[in-house]
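What follows is one structure encoded as structure tokens, with my remarks underneath.
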Amino acid sequence: MINKLDFNRFLLLLPLFSLFWFYSFSNVPESSCYLLIGTGANETELNAVDDFKTDIQKATLAKVKVVSNIKEVPENAMVIVVGTPESNVLITALNKSKKIEVTGVYPGPRGGIWAKTTLKNKRKVIVIAGSDVQGLQYSIYDFSKEVLGVDPLQYWTGKEVAKKTLMDLVTFEDRHIAPPKVPLLCYFENDVDELANYRGNLLEYDWESYTQMINSLVRLRYNAIQLFDMLGRPEFFIRPEYKELTDYQVDVAYVEKMIDYAQSKGMKVAIDFALGYQIHPMSADKATCWQEYKEDWITAWRYYLEKTPLRKTDIFILRPRHQVWDWEYESSCGEEKIEVFNEVYKAFGDIVDEYKPDAHKVLVCYSDGMEMWNDGFRPPKDWIVTWSDHGFGDFEHLPKTTDGYNFGTYMHAGFWLNHTVHNPYPEKVETVMKEMFSAYDADKFCLVNGQNFRPFLLNIEAYSEVCNDPDTFYASSFYKNWTERYFNETSAKYAVSSMKALHEAQKERIGYVQHLWEIREAISYLSDSPIQRPGKSPVPHDYKRVENDLERVEAIEGLIDISVKEAKIGLKKAMSNRVFYHDYIYLPVVLYQDLIQFERTLHEMAIMKKQYEETSEEKTLNAIKLMLPSARAQLEVVYENRKSGDKAPKWKNWYNPEIRRPNNGFPTFEMLDKIESNLNTKS
């Protein structure tokens with residue numbers, strides 16, 4: 001038995017063994033590396049190899065060449081054999097000679113290996129291989145992350161690669177990479193206004209940003225993406241808030257180009273076959289009576305599959321809700337909605353089987369869909385049933401039974417109520433997902449809503465990790481590893497403590513955008529005007545609405561102040577990646593603090609207005625007026641910090657209020673003018 005001292009000595013000597021191994025096959029300057037691929041490599045495999053080539057060049061400055069014939073490789077050059085048993089005959093031969101083990105059975109679909117071995121002529125090679133193409137991708141991207149130090153989120157974080165030598169490429173231990181626990185991990189492209197708008201062309205999805213998002217997702221083991229916004233969601237061309245921004249028109253050719261790109265990177269494309277997209281919209285009045293308009297629904301689905309890029313769908317998603325707007329189905333012709341959707345899922349499933357018999361079908365039980373399931377709604381058995389969180393990683397409902405269906409989850413890395421500032425919760429990711437896996441076997445599919453992606457990187461990666469291997473996922477170590485990937489140990493600790501306080505401040509489905517609604521309630525009360533609601537009719541102002549927020553917002557202010565304090569200390573102590581620390585850890589909580597301080601001032605004014613209404617004391621009215629300059633100054637800070645925004649020039653326009661998603665509106669100086677005018681009428 002090896003004692004601890006001997007083992008520690010072994011670890012110290014491991015780099016020397018690796019150097020010896022390297023020099024045993026290379027007596028030339030470390031300037032060239034050959035990636036030896038098979039002649040059967042498909043487009044996705046070639047894309048992954050090209051990424052690997054770029055990563056090696058980025059990390060080592062070496063010359064890297066991709067070849068398919070070992071005779072093209074100089075005798076003393078480094079060789080990395082890349083591929084699958086299906087695409088590369090050399091990998092097949094190494095399997096047969098028992099020098100490596102990577103087959104379709106072991107490690108299995110989406111699994112792979114890293115290995116150091118020798119060919120028949122005693123030539124030493126590195127093998128990076130997969131049981132299949134996706135397994136190869138993970139083997140490559142894990143190697144790039146762990147050995148080369150390439151950040152899978154580099155485009156978003158700006159983290160540079162520390163320079164290495166080619167000798168560093170052999171300082172690894174052989175590894176089998178197990179298939180992920182969840183075979184289908186799908187990213188939901190939803191509520192992406194800032195990602196679409198920040199370069200200046202409103203709702204015109206930037207090719208660079210979108211492809212880089214897909215590239216990062218692939219490196220994080222996401223193997224599917226649900227396209228949604230870019231299909232032309234109804235808000236974009238119907239709601240006044242969007243029509244004031246731009247004359248929206250979906251670009252169908254662009255949609256197809258994006259689908260092709262995602263599939264070329266090995267991602268399945270998922271589509272929710274709702275019927276309101278501008279790509280082929282159905283009128284909302286036909287979405288409330290299945291028995292009368294079922295042929296219109298079926299005709300629209302067939303049109304999607306015959307006349308639009310949606311014919312390339314790999315994963316068909318449907319929600320048991322209104323099929324134009326994302327709200328509960330309320331029949332206009334006296335139907336029982338469970339009976340309606342039992343029929344709908346059978347009819348739509350038959351269409352899918354006709355056009356794409358090998359595709360996946362996913363029922364997303366969003367919101368009332370879970371109640372419907374528990375009340376007896378059942379699609380055909382070949383649908384994956386996906387259980388939905390309430391937006392912030394927890395469940396309001398749990399299934400009474402899985403009834404023998406394949407189950408999965410729909411989780412939010414970000415939610416529309418906190419769209420601007422993330423709610424970091426690796427602890428929830430750990431406890432909730434492990435419970436869903438163990439109690440309900442809900443591991444066949446996971447859909448992760450990442451909103452506009454960039455603010456929600458931490459949770460997006462946490463869901464990836466737990467879906468890969470829940471047995472090794474622990475929130476504490478994930479937090480530590482994630483922050484220390486970017487920052488020194490001291491600043492990382494403050495980053496974690498800041499994010500934990502930020503999470504604590506967002507209990508009960510509260511977030512930045514929810515506060516915008518609360519501010520709207522307070523302004524409406526102070527100005528004695530109706531509360532305007534995007535896409536819905538106004539509602540009367542009411543002090544009770546404001547009163548319900550007072551105590552909670554005061555507590556939130558204290559937690560946000562702690563979060564800002566911790567982030568500020570960490571920023572001062574950051575020795576590397578200070579720009580990313582500012583932009584990801586510090587700036588969001590400052591923006592949150594700005595908004596809360598403004599809201600708290602409005603609340604104080606509202607309390608005094610209520611007192612004035614009860615007493616008619618002039619001094620109370622004057623006190624409210626005296627607070628208006630403070631409110632204006634605080635709102636100026638809100639705008640100033642959002643517009644100055646990130647330190648990284650790439651993201652300079654991201655938080656500009658003029659291009660933000662208009663959910664729950666945004667406070668304006670004109671609203672304060674209206675308050676002042678209303679107060680003056682009471683004098």
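For the structure tokens, the naming scheme is as follows: chains receive sequential letters (A, B, ...) according to their order of presentation, residues are indexed from 1 within each chain, and ligands are indexed from 1 in presentation order.
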I want to know what sits within 7 Å of segment 336-340 of chain A, based on only C-alpha atoms, with residues of the same chain fewer than 6 positions away left out; could you give that as a JSON list (two decimals) with N, CA and C atoms, in the first residue's frame?
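File written: selection19.json
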[["chain", "number", "residue", "atom", "x", "y", "z"],
["A", 290, "TRP", "N", -60.04, 25.10, -29.58],
["A", 290, "TRP", "CA", -59.47, 24.00, -30.35],
["A", 290, "TRP", "C", -60.53, 23.34, -31.22],
["A", 329, "TYR", "N", -54.48, 28.66, -21.01],
["A", 329, "TYR", "CA", -55.52, 28.44, -22.02],
["A", 329, "TYR", "C", -56.89, 28.55, -21.35],
["A", 372, "MET", "N", -52.32, 20.78, -14.41],
["A", 372, "MET", "CA", -53.04, 19.94, -15.36],
["A", 372, "MET", "C", -52.54, 18.50, -15.30],
["A", 377, "PHE", "N", -54.02, 15.27, -16.97],
["A", 377, "PHE", "CA", -53.57, 15.49, -18.35],
["A", 377, "PHE", "C", -52.44, 14.52, -18.68]]
Exercise for review: Going by DSSP on the backbone, which bits of segment 424-562 of chain A are alpha helix (DSSP H)? Write them as a ChimeraX atom specification, please.
Suggested key: /A:426-440,457-468,475-486,489-504,512-527,543-547,550-562
Review point. Can you tell me, as number ranges by chain, what residues are no more than 12 Å from Gly511 of chain A when counting only C-alpha atoms, ignoring any on the same chain fewer than 6 positions away?
Key: A: 391-392, 414-424, 502-505, 517-518, 553, 556, 560, 588-589, 591-593, 595-596, 664
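Nearest residue to Asp151 of chain A, choosing from A:Trp482, A:Trp297, A:Phe598, A:Phe666 and counting only C-alpha atoms: A:Trp482.
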Check your understanding: Could you pull the residues within 10 Å of Asp673 of chain A, counting only C-alpha atoms, minus those fewer than 6 positions along the same chain, as a ChimeraX atom specification?
Key -> /A:527,628,632,679
Next, write the just-selected residues to a file, as a tab-separated table (two decimals), in the first residue's frame, keeping C-alpha atoms as the atom set.
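Below you can see out_26.tsv, which holds the result:
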chain	number	residue	atom	x	y	z
A	527	SER	CA	-49.16	60.92	-9.03
A	628	LEU	CA	-38.42	65.30	-4.83
A	632	ARG	CA	-34.40	63.14	-8.98
A	679	LEU	CA	-48.68	67.44	-5.30
Find the residues near Tyr303 of chain A: any atom within 12 Å, counting only C-alpha atoms, skip ones fewer than 4 places away on the same chain, and give them as a PDB file with C-alpha atoms, in the first residue's frame.
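Saved result, around.pdb, follows:
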ATOM      1  CA  PHE A 273     -44.272  25.029 -31.890  1.00  0.00           C
ATOM      2  CA  LEU A 275     -48.435  29.611 -33.260  1.00  0.00           C
ATOM      3  CA  ILE A 279     -42.349  33.655 -38.988  1.00  0.00           C
ATOM      4  CA  HIS A 280     -45.978  32.511 -39.607  1.00  0.00           C
ATOM      5  CA  PRO A 281     -48.432  34.065 -37.129  1.00  0.00           C
ATOM      6  CA  MET A 282     -51.906  32.786 -36.375  1.00  0.00           C
ATOM      7  CA  GLU A 295     -57.670  22.626 -38.642  1.00  0.00           C
ATOM      8  CA  ASP A 296     -56.079  26.088 -38.478  1.00  0.00           C
ATOM      9  CA  TRP A 297     -53.683  24.850 -35.782  1.00  0.00           C
ATOM     10  CA  ILE A 298     -52.799  21.755 -37.800  1.00  0.00           C
ATOM     11  CA  THR A 299     -52.410  23.764 -41.008  1.00  0.00           C
ATOM     12  CA  LYS A 307     -42.343  26.147 -45.695  1.00  0.00           C
ATOM     13  CA  THR A 308     -40.027  27.444 -42.944  1.00  0.00           C
ATOM     14  CA  PRO A 309     -36.611  26.632 -41.427  1.00  0.00           C
ATOM     15  CA  LEU A 310     -38.488  24.929 -38.584  1.00  0.00           C
ATOM     16  CA  ARG A 311     -38.487  21.829 -40.779  1.00  0.00           C
ATOM     17  CA  ILE A 351     -47.594  15.302 -37.346  1.00  0.00           C
ATOM     18  CA  TYR A 355     -42.324  14.533 -40.815  1.00  0.00           C
TER      19      TYR A 355
END
Review point. Could you name the residues that touch segment 60-70 of chain A at 12 Å or less, counting only C-alpha atoms, but leaving out those on the same chain fewer than 4 positions away, as a PyMOL selection string?
Key: chain A and resi 29-41+46-56+74-83+87-90+119+121+123+125+144+147-150+161-169
Review point. Near Asn468 of chain A, counting only C-alpha atoms, which residues have an atom at most 6 Å away, once you skip same-chain residues fewer than 3 positions from it, shown as a PyMOL selection string?
Key: chain A and resi 180-181+465
Practice item. Could you tell me which of A:Lys381, A:Ser331, A:Pro109, A:Thr44 comes closest to Ala262 of chain A if we count only C-alpha atoms? Key: A:Thr44
